[in-house]
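What follows is the content of protein-v2.txt, which has compact mmCIF, C-alpha atoms and all ligand atoms:
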# COMPACT_ATOMS: atom_id res chain seq x y z
CA MET A 1 20.22 -2.18 -9.33
CA TYR A 2 16.89 -2.94 -10.94
CA ASN A 3 15.38 -0.91 -13.77
CA PHE A 4 12.99 1.72 -12.52
CA ASP A 5 10.84 4.72 -13.40
CA PHE A 6 10.99 7.61 -10.99
CA TYR A 7 8.22 10.16 -11.22
CA ASN A 8 7.19 12.56 -8.49
CA PRO A 9 5.35 15.72 -9.51
CA THR A 10 4.41 17.03 -6.04
CA LYS A 11 5.57 20.56 -5.27
CA ILE A 12 6.69 20.91 -1.67
CA VAL A 13 6.17 24.24 0.08
CA PHE A 14 8.26 23.86 3.22
CA GLY A 15 8.47 26.21 6.18
CA LYS A 16 6.74 28.47 8.65
CA ASP A 17 3.73 30.66 7.91
CA ARG A 18 3.40 30.10 4.19
CA LEU A 19 -0.31 29.26 3.90
CA ASP A 20 -1.00 32.60 2.19
CA GLU A 21 0.75 31.04 -0.79
CA LEU A 22 -2.26 28.77 -1.28
CA ASP A 23 -3.59 31.64 -3.32
CA ASN A 24 -0.84 31.08 -5.91
CA LEU A 25 -1.30 27.32 -6.08
CA VAL A 26 -5.03 26.66 -6.10
CA PRO A 27 -6.63 27.64 -9.43
CA LYS A 28 -8.30 31.06 -9.03
CA ASN A 29 -11.71 29.94 -10.24
CA ALA A 30 -11.72 26.63 -8.37
CA LYS A 31 -14.60 25.45 -6.24
CA VAL A 32 -12.71 23.81 -3.39
CA LEU A 33 -13.68 21.03 -0.99
CA VAL A 34 -11.54 21.43 2.12
CA THR A 35 -11.37 18.07 3.92
CA TYR A 36 -10.28 17.47 7.48
CA GLY A 37 -10.54 15.08 10.40
CA GLY A 38 -12.07 15.18 13.84
CA GLY A 39 -11.41 18.85 14.46
CA SER A 40 -7.75 19.29 15.50
CA VAL A 41 -7.28 21.70 12.60
CA LYS A 42 -10.16 23.80 13.89
CA ARG A 43 -8.98 23.74 17.50
CA PHE A 44 -5.42 24.75 16.67
CA GLY A 45 -6.20 27.44 14.10
CA THR A 46 -4.86 25.71 10.97
CA LEU A 47 -8.22 25.71 9.22
CA ASP A 48 -8.61 29.47 9.65
CA LYS A 49 -5.21 30.05 8.08
CA VAL A 50 -6.11 27.76 5.18
CA LEU A 51 -9.44 29.50 4.55
CA LYS A 52 -7.69 32.86 4.64
CA GLY A 53 -5.12 31.60 2.11
CA LEU A 54 -7.92 30.51 -0.24
CA LYS A 55 -9.02 34.17 -0.47
CA GLY A 56 -12.32 34.65 -2.31
CA ARG A 57 -12.69 31.10 -3.70
CA LYS A 58 -15.89 29.13 -3.24
CA VAL A 59 -15.20 26.68 -0.42
CA ILE A 60 -17.16 23.80 1.05
CA GLU A 61 -15.86 22.04 4.15
CA PHE A 62 -16.02 18.30 4.76
CA ALA A 63 -15.20 17.36 8.35
CA GLY A 64 -15.01 14.02 10.09
CA ILE A 65 -12.53 11.90 8.15
CA GLU A 66 -11.58 9.51 10.92
CA PRO A 67 -8.18 7.92 11.64
CA ASN A 68 -7.91 4.89 9.35
CA PRO A 69 -10.49 6.49 7.07
CA LYS A 70 -13.66 4.62 6.28
CA PHE A 71 -14.97 3.99 2.78
CA GLU A 72 -18.48 4.98 3.86
CA THR A 73 -17.35 8.40 5.15
CA LEU A 74 -15.32 9.08 2.03
CA MET A 75 -18.21 8.17 -0.24
CA ARG A 76 -20.29 10.88 1.43
CA ALA A 77 -17.60 13.36 0.44
CA ALA A 78 -17.32 11.92 -3.08
CA ASN A 79 -21.06 12.50 -3.53
CA ILE A 80 -20.69 16.12 -2.45
CA VAL A 81 -17.89 16.51 -5.01
CA LYS A 82 -20.18 15.18 -7.73
CA CYS A 83 -23.31 17.12 -6.74
CA GLN A 84 -21.59 20.43 -6.07
CA ASP A 85 -19.22 20.42 -9.06
CA ILE A 86 -16.14 20.60 -6.89
CA ASP A 87 -12.99 20.88 -8.98
CA PHE A 88 -10.22 20.99 -6.36
CA LEU A 89 -9.69 19.08 -3.11
CA LEU A 90 -7.58 20.40 -0.26
CA ALA A 91 -6.73 17.91 2.51
CA VAL A 92 -5.81 19.49 5.84
CA GLY A 93 -4.61 16.88 8.32
CA GLY A 94 -2.58 13.72 8.81
CA GLY A 95 -2.22 10.58 6.72
CA SER A 96 -5.84 9.60 7.18
CA VAL A 97 -7.18 12.88 5.80
CA MET A 98 -4.65 12.95 2.96
CA ASP A 99 -5.31 9.29 2.02
CA GLY A 100 -9.04 9.77 2.37
CA THR A 101 -8.92 12.79 0.08
CA LYS A 102 -6.98 10.84 -2.53
CA PHE A 103 -9.71 8.22 -2.43
CA ILE A 104 -12.43 10.89 -2.74
CA SER A 105 -10.57 12.24 -5.76
CA LEU A 106 -10.71 8.86 -7.53
CA ALA A 107 -14.14 7.78 -6.31
CA ALA A 108 -15.77 11.01 -7.47
CA SER A 109 -14.47 10.42 -10.99
CA CYS A 110 -15.02 6.68 -11.19
CA GLU A 111 -17.91 5.38 -13.22
CA GLY A 112 -18.20 1.85 -11.79
CA ASP A 113 -18.51 0.70 -8.16
CA PRO A 114 -15.97 2.71 -6.12
CA LEU A 115 -15.48 -0.27 -3.80
CA ASP A 116 -13.79 -1.96 -6.75
CA LEU A 117 -10.94 0.53 -6.34
CA LEU A 118 -9.98 -1.34 -3.19
CA ARG A 119 -10.58 -4.92 -4.30
CA ASP A 120 -7.08 -5.57 -5.51
CA ARG A 121 -3.86 -3.58 -5.29
CA MET A 122 -3.87 -2.58 -8.95
CA ALA A 123 -7.59 -1.82 -9.40
CA ALA A 124 -7.31 1.90 -8.75
CA MET A 125 -4.52 2.18 -11.31
CA LYS A 126 -7.11 1.78 -14.07
CA ILE A 127 -8.81 5.08 -13.27
CA THR A 128 -7.90 7.72 -15.82
CA LYS A 129 -9.61 10.77 -14.31
CA ALA A 130 -9.30 12.26 -10.85
CA ILE A 131 -10.08 15.54 -9.13
CA PRO A 132 -6.79 17.42 -8.52
CA LEU A 133 -5.78 17.77 -4.88
CA GLY A 134 -3.33 19.52 -2.61
CA THR A 135 -2.47 18.93 1.03
CA VAL A 136 -1.59 20.81 4.19
CA CYS A 137 0.14 18.10 6.21
CA THR A 138 -0.26 18.31 9.99
CA LEU A 139 1.30 14.99 11.01
CA PRO A 140 4.73 13.83 9.82
CA ALA A 141 4.47 10.07 9.37
CA THR A 142 2.94 8.49 6.32
CA GLY A 143 4.62 10.30 3.43
CA SER A 144 1.15 10.57 1.87
CA GLU A 145 1.91 14.25 1.19
CA MET A 146 4.33 13.26 -1.57
CA ASN A 147 3.22 9.88 -2.85
CA MET A 148 0.44 8.37 -4.92
CA GLY A 149 -0.88 5.85 -2.41
CA GLY A 150 -3.49 5.64 0.28
CA VAL A 151 -5.11 3.17 2.65
CA VAL A 152 -8.86 2.96 3.25
CA THR A 153 -10.94 0.63 5.43
CA SER A 154 -14.24 -0.79 4.26
CA LYS A 155 -16.61 -3.06 6.18
CA GLU A 156 -16.57 -5.53 3.35
CA LEU A 157 -12.89 -5.62 2.44
CA GLY A 158 -11.00 -4.55 5.56
CA LYS A 159 -8.00 -2.21 5.35
CA ARG A 160 -6.84 -1.90 1.75
CA GLY A 161 -4.22 0.08 -0.14
CA PHE A 162 -4.70 1.79 -3.50
CA ARG A 163 -2.40 3.69 -5.87
CA ASN A 164 -2.74 5.95 -8.86
CA PRO A 165 -0.31 8.60 -10.18
CA LEU A 166 -3.26 11.00 -10.61
CA VAL A 167 -3.47 11.38 -6.83
CA PHE A 168 0.03 12.66 -6.29
CA PRO A 169 -0.81 15.94 -4.55
CA LYS A 170 -0.25 18.92 -6.86
CA PHE A 171 1.39 20.57 -3.84
CA SER A 172 1.91 19.93 -0.17
CA PHE A 173 2.48 22.50 2.54
CA LEU A 174 4.89 21.22 5.17
CA ASP A 175 4.94 23.69 8.03
CA PRO A 176 6.61 22.11 11.07
CA THR A 177 4.86 24.59 13.38
CA LEU A 178 1.47 23.12 12.40
CA THR A 179 2.60 19.86 14.02
CA TYR A 180 3.46 21.37 17.44
CA SER A 181 -0.03 20.60 18.72
CA LEU A 182 0.32 16.85 18.17
CA PRO A 183 -0.02 14.64 21.23
CA GLU A 184 3.24 12.90 22.18
CA THR A 185 2.01 9.51 21.13
CA GLN A 186 1.19 10.72 17.60
CA VAL A 187 4.67 12.20 17.22
CA ALA A 188 6.13 8.88 18.39
CA ASN A 189 3.88 7.01 15.94
CA GLY A 190 5.20 9.26 13.20
CA VAL A 191 8.83 8.60 14.07
CA VAL A 192 8.21 4.82 14.09
CA ASP A 193 6.16 4.88 10.87
CA THR A 194 8.90 6.80 9.07
CA TYR A 195 11.65 4.56 10.49
CA VAL A 196 9.79 1.46 9.33
CA HIS A 197 9.01 2.90 5.88
CA VAL A 198 12.73 3.31 5.38
CA LEU A 199 13.42 -0.21 6.63
CA GLU A 200 10.76 -1.79 4.43
CA GLN A 201 12.74 -0.45 1.46
CA TYR A 202 16.22 -1.07 2.86
CA LEU A 203 16.24 -4.19 4.99
CA THR A 204 15.71 -6.82 2.30
CA PHE A 205 18.71 -8.26 0.41
CA PRO A 206 21.66 -6.46 -1.21
CA ALA A 207 20.79 -5.14 -4.67
CA GLU A 208 23.68 -2.74 -5.33
CA GLY A 209 21.52 0.27 -4.54
CA ARG A 210 24.37 2.08 -2.85
CA PHE A 211 22.83 5.52 -3.06
CA GLN A 212 19.49 4.15 -1.85
CA ASP A 213 21.22 2.34 1.06
CA ARG A 214 23.27 5.32 2.18
CA THR A 215 20.29 7.64 1.90
CA ALA A 216 18.13 5.21 3.88
CA GLU A 217 20.83 4.94 6.55
CA GLY A 218 20.99 8.75 6.67
CA ILE A 219 17.27 8.97 7.39
CA LEU A 220 17.50 6.24 10.04
CA LEU A 221 20.43 7.96 11.78
CA THR A 222 18.59 11.28 11.70
CA LEU A 223 15.53 9.70 13.30
CA LEU A 224 17.65 8.05 16.00
CA GLU A 225 19.15 11.45 16.71
CA ILE A 226 15.95 13.51 16.79
CA GLY A 227 13.17 11.01 17.62
CA ARG A 228 13.15 11.39 21.39
CA GLU A 229 14.23 15.01 21.23
CA THR A 230 11.30 16.13 19.12
CA ILE A 231 8.92 14.46 21.58
CA ASP A 232 10.58 16.17 24.56
CA ASN A 233 10.94 19.56 22.84
CA PRO A 234 7.95 19.69 20.50
CA THR A 235 8.39 23.36 19.64
CA ASP A 236 12.07 23.17 18.72
CA TYR A 237 11.59 24.19 15.10
CA ASP A 238 14.71 22.70 13.56
CA ILE A 239 14.37 19.34 15.24
CA ARG A 240 10.73 19.06 14.19
CA ALA A 241 11.58 20.29 10.69
CA ASN A 242 13.98 17.37 10.35
CA LEU A 243 11.29 14.89 11.34
CA VAL A 244 8.87 16.42 8.84
CA TRP A 245 11.38 16.16 5.99
CA CYS A 246 12.45 12.62 6.94
CA ALA A 247 8.81 11.50 6.91
CA THR A 248 8.27 12.93 3.44
CA MET A 249 11.50 11.60 1.98
CA GLY A 250 11.01 8.19 3.60
CA LEU A 251 8.10 7.31 1.35
CA ASN A 252 8.15 9.42 -1.79
CA GLY A 253 9.68 6.81 -4.06
CA LEU A 254 13.29 8.00 -3.85
CA ILE A 255 14.91 5.35 -1.64
CA GLY A 256 12.71 2.55 -2.94
CA ALA A 257 13.58 3.07 -6.62
CA GLY A 258 15.63 0.25 -8.11
CA VAL A 259 15.74 -1.90 -4.98
CA PRO A 260 13.50 -4.65 -3.55
CA GLY A 261 10.74 -3.74 -1.09
CA ASP A 262 9.48 -5.83 1.81
CA TRP A 263 6.18 -4.35 3.18
CA ALA A 264 5.21 -7.52 5.08
CA THR A 265 5.35 -5.64 8.39
CA HIS A 266 2.85 -3.13 6.97
CA MET A 267 0.52 -5.81 5.60
CA ILE A 268 0.38 -7.71 8.91
CA GLY A 269 0.13 -4.39 10.76
CA HIS A 270 -2.91 -3.36 8.69
CA GLU A 271 -4.77 -6.44 9.90
CA LEU A 272 -3.98 -5.50 13.49
CA THR A 273 -5.36 -2.01 12.97
CA ALA A 274 -8.47 -3.35 11.24
CA MET A 275 -9.16 -5.94 13.96
CA PHE A 276 -8.06 -4.20 17.15
CA GLY A 277 -7.92 -0.50 16.27
CA ILE A 278 -4.22 -0.27 17.16
CA ASP A 279 -2.57 2.89 15.72
CA HIS A 280 -0.70 2.20 12.47
CA GLY A 281 2.75 3.14 13.83
CA LYS A 282 2.31 0.95 16.90
CA THR A 283 1.43 -2.13 14.82
CA LEU A 284 4.75 -1.73 13.01
CA ALA A 285 6.74 -1.50 16.25
CA VAL A 286 5.20 -4.80 17.33
CA ILE A 287 5.65 -6.76 14.10
CA LEU A 288 9.04 -5.61 12.77
CA PRO A 289 11.35 -7.01 15.48
CA SER A 290 9.63 -10.38 15.39
CA LEU A 291 9.61 -10.49 11.58
CA TRP A 292 13.37 -9.89 11.51
CA ASN A 293 13.92 -12.61 14.07
CA VAL A 294 11.91 -15.13 12.03
CA LEU A 295 13.55 -14.11 8.71
CA ARG A 296 17.04 -13.59 10.13
CA GLU A 297 18.73 -15.94 7.64
CA SER A 298 17.02 -14.54 4.58
CA LYS A 299 17.76 -10.97 5.66
CA ALA A 300 21.16 -11.66 7.27
CA LYS A 301 23.31 -9.55 4.95
CA LYS A 302 21.19 -6.44 5.34
CA LEU A 303 20.68 -6.96 9.08
CA LEU A 304 24.46 -7.06 9.50
CA GLN A 305 24.94 -3.98 7.32
CA TYR A 306 22.24 -2.12 9.27
CA GLY A 307 23.80 -3.16 12.59
CA GLU A 308 27.23 -1.99 11.54
CA ARG A 309 26.37 1.25 9.75
CA VAL A 310 23.53 2.45 11.96
CA PHE A 311 24.49 1.10 15.40
CA ASN A 312 28.25 0.48 15.01
CA ILE A 313 27.83 -3.21 15.81
CA THR A 314 31.07 -4.81 14.64
CA GLU A 315 31.85 -7.49 17.21
CA GLY A 316 30.46 -10.93 17.99
CA THR A 317 29.18 -13.78 15.86
CA GLU A 318 26.74 -13.02 13.07
CA ASP A 319 23.87 -14.26 15.20
CA GLU A 320 24.92 -12.08 18.11
CA ARG A 321 25.21 -9.04 15.87
CA ILE A 322 21.78 -9.67 14.39
CA ASP A 323 20.28 -10.12 17.87
CA LEU A 324 21.82 -6.84 18.96
CA ALA A 325 20.54 -4.99 15.87
CA ILE A 326 17.01 -6.26 16.59
CA ASP A 327 17.30 -5.39 20.31
CA LYS A 328 18.53 -1.87 19.57
CA THR A 329 15.65 -1.29 17.16
CA ARG A 330 13.14 -2.45 19.77
CA GLU A 331 14.85 -0.26 22.38
CA PHE A 332 14.53 2.75 20.11
CA PHE A 333 10.78 2.22 19.68
CA GLU A 334 10.35 1.70 23.44
CA SER A 335 12.43 4.82 24.15
CA LEU A 336 9.78 6.79 22.24
CA GLY A 337 7.08 5.38 24.52
CA ILE A 338 5.83 2.88 21.94
CA LYS A 339 5.27 -0.62 23.30
CA THR A 340 6.52 -3.47 21.14
CA ARG A 341 4.56 -6.54 22.27
CA LEU A 342 1.09 -7.61 21.13
CA SER A 343 0.14 -8.29 24.75
CA ASP A 344 0.72 -4.57 25.49
CA TYR A 345 -2.29 -3.82 23.26
CA GLY A 346 -4.69 -6.39 24.70
CA VAL A 347 -4.22 -8.91 21.87
CA LYS A 348 -4.30 -12.53 23.06
CA LYS A 349 -2.56 -15.60 21.66
CA GLU A 350 -5.96 -17.06 20.78
CA HIS A 351 -6.42 -14.18 18.29
CA ILE A 352 -3.57 -15.40 16.10
CA ASP A 353 -5.82 -17.74 14.10
CA ASP A 354 -8.17 -14.87 13.24
CA ILE A 355 -5.32 -12.62 12.15
CA VAL A 356 -3.85 -15.32 9.91
CA THR A 357 -7.29 -16.02 8.44
CA ALA A 358 -7.72 -12.31 7.67
CA LEU A 359 -4.34 -12.27 5.89
CA GLU A 360 -5.45 -15.25 3.80
CA GLU A 361 -8.78 -13.64 2.97
CA HIS A 362 -6.92 -10.56 1.78
CA ASN A 363 -4.60 -12.65 -0.34
CA MET A 364 -1.57 -11.74 1.80
CA VAL A 365 -0.19 -15.24 1.40
CA ALA A 366 3.20 -14.65 -0.22
CA ILE A 367 4.40 -11.27 1.00
CA GLY A 368 7.82 -9.77 1.70
CA GLU A 369 10.64 -9.09 -0.77
CA LYS A 370 10.89 -12.77 -1.71
CA GLY A 371 7.24 -13.69 -1.30
CA GLU A 372 8.33 -16.01 1.50
CA VAL A 373 5.97 -14.70 4.17
CA THR A 374 3.26 -17.34 3.85
CA PRO A 375 0.43 -17.67 6.38
CA GLU A 376 2.60 -20.10 8.35
CA VAL A 377 5.47 -17.59 8.49
CA SER A 378 3.02 -14.83 9.49
CA ARG A 379 1.85 -17.12 12.28
CA LYS A 380 5.43 -17.49 13.55
CA ILE A 381 5.93 -13.73 13.36
CA LEU A 382 2.74 -13.14 15.36
CA GLU A 383 3.71 -15.78 17.94
CA GLY A 384 7.08 -14.09 18.34
CA ALA A 385 5.42 -10.70 18.82
CA PHE A 386 4.08 -11.55 22.30
O1 LIG B 1 -8.75 13.93 13.19
P1 LIG B 1 -8.05 15.03 13.87
O2 LIG B 1 -8.89 15.77 14.85
O3 LIG B 1 -7.35 15.96 12.92
O4 LIG B 1 -6.90 14.36 14.81
C1 LIG B 1 -5.86 13.57 14.27
C2 LIG B 1 -6.03 12.09 14.57
O5 LIG B 1 -6.81 11.87 15.70
C3 LIG B 1 -4.61 13.91 15.03
N1 LIG B 1 -3.85 15.03 14.45
C4 LIG B 1 -3.39 15.16 13.20
N2 LIG B 1 -2.67 16.30 13.08
C5 LIG B 1 -2.70 16.91 14.29
C6 LIG B 1 -3.46 16.11 15.18
N3 LIG B 1 -3.69 16.45 16.46
C7 LIG B 1 -3.13 17.59 16.90
N4 LIG B 1 -2.36 18.39 16.12
C8 LIG B 1 -2.12 18.08 14.82
N5 LIG B 1 -1.32 18.85 14.08
O6 LIG B 1 -3.81 12.74 14.94
C9 LIG B 1 -4.64 11.60 14.89
C10 LIG B 1 -4.10 10.59 13.90
O7 LIG B 1 -4.17 11.10 12.60
P2 LIG B 1 -3.96 10.15 11.33
O8 LIG B 1 -4.07 11.00 10.13
O9 LIG B 1 -4.84 8.97 11.42
O10 LIG B 1 -2.45 9.64 11.54
P3 LIG B 1 -1.32 9.28 10.50
O11 LIG B 1 -0.79 10.49 9.83
O12 LIG B 1 -0.39 8.43 11.25
O13 LIG B 1 -2.07 8.44 9.36
C11 LIG B 1 -2.37 7.08 9.52
C12 LIG B 1 -3.05 6.55 8.28
O14 LIG B 1 -2.18 6.60 7.14
C13 LIG B 1 -2.08 5.30 6.55
C14 LIG B 1 -2.28 4.40 7.73
O15 LIG B 1 -2.59 3.07 7.34
C15 LIG B 1 -3.41 5.08 8.46
O16 LIG B 1 -4.66 4.78 7.85
N6 LIG B 1 -0.81 5.17 5.81
C16 LIG B 1 -0.70 5.81 4.64
C17 LIG B 1 0.41 5.67 3.83
C18 LIG B 1 0.52 6.34 2.52
N7 LIG B 1 -0.47 7.08 2.08
O17 LIG B 1 1.52 6.19 1.83
C19 LIG B 1 1.53 4.82 4.21
C20 LIG B 1 1.52 4.45 5.64
O18 LIG B 1 2.30 3.27 5.79
C21 LIG B 1 0.18 4.22 6.23
O19 LIG B 1 -0.30 2.92 5.94
ZN ZN B 2 3.39 3.15 7.45
Represent the structure contained in this file as structure tokens.
Ligand code: NZQ
Ligand code: ZN
Amino acid sequence: MYNFDFYNPTKIVFGKDRLDELDNLVPKNAKVLVTYGGGSVKRFGTLDKVLKGLKGRKVIEFAGIEPNPKFETLMRAANIVKCQDIDFLLAVGGGSVMDGTKFISLAASCEGDPLDLLRDRMAAMKITKAIPLGTVCTLPATGSEMNMGGVVTSKELGKRGFRNPLVFPKFSFLDPTLTYSLPETQVANGVVDTYVHVLEQYLTFPAEGRFQDRTAEGILLTLLEIGRETIDNPTDYDIRANLVWCATMGLNGLIGAGVPGDWATHMIGHELTAMFGIDHGKTLAVILPSLWNVLRESKAKKLLQYGERVFNITEGTEDERIDLAIDKTREFFESLGIKTRLSDYGVKKEHIDDIVTALEEHNMVAIGEKGEVTPEVSRKILEGAF
């Protein structure tokens, strides 16, 4: 196991009907910017509950953070924060609203050009001041509610990640009932995103992270058990509660501590979202099976372990067992209604050059746990994804 630091200061407030407790968690004298997306939180009553929980505090609302949040939109909010002396941010929504709010928090405190926060992966780490934030998470998927990362799209730089420990939410409300209103496809996206987060941290090479492996396998098995069920029975509280908790635990640093991380599926997926507007979860379902097929030798030990412990695959040659593990993963995504081929999303083979060029422009030229996913390997992965 590698050396690691583990730090996660986010308080989780889990369960039904607890938004009144906002009053205990947001500083009494705070001037709060409540951020949200395209209006689902208004339509389904979540915003009203949040405003009620904030009692007499001064509140300004910022609506319109779009899926795959845009730098330009977030800068409008950051300017409001500066001009109106906002001292607390409350994100009410899915990953896009939570990530966007983290970016607002840093951009509003940053003295230089806020676009620099996205220029390279470590740039945002240099910021030493941020506006404190909390979240009310309405979509179980990204883990943003309990991590220090975010992803923002700018015209100039494309879709870029940033990190800074100052944007760990101070608290996150996880109320499974707030997710009942999600459309089926967003629930399915969330199951796939969580499943792939776990795999990006697990399916690399053995590193003696036995606790991390067993915990990762536990999350995967839980998702296999509940994934379809929570789509079919969206208001079954306990099933949805398990998805919500898996999503949070899948990307809060726990299972990734002390072990290698891959993340190549995410990096290639981000280009697909930026270029074709494909939902984040769907890009992962397309890239992951092909990536495993291309890197089957490098990842053989973990693919075999995954096949055996998650799908009980114990017979056949190693190649047959790996094929079956990949097929079963694809089947799971398809069983959720998520298509797993680039052609299903209108992408054409002639687009491959553009995608590879975008990866090069974004310096994604040696990705994956061993840095072996070069542009040529990405090309093979994309070719195999049709
Ligand atoms: O905008 P509104 O009207 O709220 O509608 C949203 C949006 O259209 C809707 N929605 C959210 N909660 C709802 C709801 N509709 C009905 N009922 C509810 N309870 O769902 C749509 C999608 O929302 P979005 O926030 O975009 O989805 P998701 O949570 O999947 O977030 C995706 C973003 O997170 C980033 C992705 O790249 C993408 O930009 N990620 C963030 C990560 C992180 N911070 O660690 C890691 C992930 O790998 C990912 O990259
Ligand atoms: Zn993801």
Practice task
Please write out the residues within 8 Å of ligand LIG 1 (chain B) as a PyMOL selection string, counting only C-alpha atoms and all ligand atoms.
Solution key: chain A and resi 36-41+44+64-69+93-99+137-145+147-153+159+161+178-183+186+189-190+193+197+251+266+270+279-281
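From CA of Thr194 in chain A back to CA of His351 in chain A, the distance works out to 27.6 Å.
Nearest to Thr204 in chain A of all the residues A:Lys11, A:Lys170, A:Lys301, A:Lys282 is A:Lys301, counting only C-alpha atoms.
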Problem - Point (14.1, 22.5, 2.9) neighbourhood (12 Å, all atoms listed in the file) written as number ranges by chain - result: A: 11-16, 173-176, 238, 241-246, 248-249
Keeping only C-alpha atoms, take the residues you just selected and write them out as a PDB file, in the frame of the given file.
ATOM      1  CA  LYS A  11       5.570  20.560  -5.270  1.00  0.00           C
ATOM      2  CA  ILE A  12       6.690  20.910  -1.670  1.00  0.00           C
ATOM      3  CA  VAL A  13       6.170  24.240   0.080  1.00  0.00           C
ATOM      4  CA  PHE A  14       8.260  23.860   3.220  1.00  0.00           C
ATOM      5  CA  GLY A  15       8.470  26.210   6.180  1.00  0.00           C
ATOM      6  CA  LYS A  16       6.740  28.470   8.650  1.00  0.00           C
ATOM      7  CA  PHE A 173       2.480  22.500   2.540  1.00  0.00           C
ATOM      8  CA  LEU A 174       4.890  21.220   5.170  1.00  0.00           C
ATOM      9  CA  ASP A 175       4.940  23.690   8.030  1.00  0.00           C
ATOM     10  CA  PRO A 176       6.610  22.110  11.070  1.00  0.00           C
ATOM     11  CA  ASP A 238      14.710  22.700  13.560  1.00  0.00           C
ATOM     12  CA  ALA A 241      11.580  20.290  10.690  1.00  0.00           C
ATOM     13  CA  ASN A 242      13.980  17.370  10.350  1.00  0.00           C
ATOM     14  CA  LEU A 243      11.290  14.890  11.340  1.00  0.00           C
ATOM     15  CA  VAL A 244       8.870  16.420   8.840  1.00  0.00           C
ATOM     16  CA  TRP A 245      11.380  16.160   5.990  1.00  0.00           C
ATOM     17  CA  CYS A 246      12.450  12.620   6.940  1.00  0.00           C
ATOM     18  CA  THR A 248       8.270  12.930   3.440  1.00  0.00           C
ATOM     19  CA  MET A 249      11.500  11.600   1.980  1.00  0.00           C
TER      20      MET A 249
END
Exercise for the section: Can you work out which one of A:Val196, A:Gly158, A:Asn24, A:Cys83 has the shortest atom-to-atom distance to ligand ZN 2 (chain B), counting only C-alpha atoms and all ligand atoms? Expected result: A:Val196
Grab all the atoms of range 262-265 of chain A that the file lists, wrap them in a box along x, y and z, add 8 Å per side, and give me centre plus edge lengths in Å (one decimal) as AutoDock Vina command-line options.
--center_x 7.3 --center_y -5.9 --center_z 5.1 --size_x 20.3 --size_y 19.2 --size_z 22.6
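Closest approach to Ile60 in chain A among A:Glu72, A:Asp353, A:Glu334, A:Asp85: A:Asp85, based on all atoms listed in the file.
Each of A:Glu200, A:Glu156, A:Glu360, A:Glu111 was checked against ligand ZN 2 (chain B) using all atoms listed in the file; the smallest atom-to-atom distance is that of A:Glu200.
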Problem - Near-range 212-228 of chain A list (8 Å; all atoms listed in the file; drop same-chain fewer than 3 positions) as a PyMOL selection string - result: chain A and resi 188+191+195+198-199+202+209+231-232+239+242-243+246+250+254-257+259+306+309-310+332+335-336
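For the choices A:Ala264, A:Val92, A:Ala130, A:Ala63, the atom-to-atom distance to ligand ZN 2 (chain B) is smallest for A:Ala264 when using only C-alpha atoms and all ligand atoms.
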Handout entry: Pairwise distance for CA of Val294 in chain A and CA of Pro375 in chain A, rounded to one decimal in Å
Key = 13.0 Å
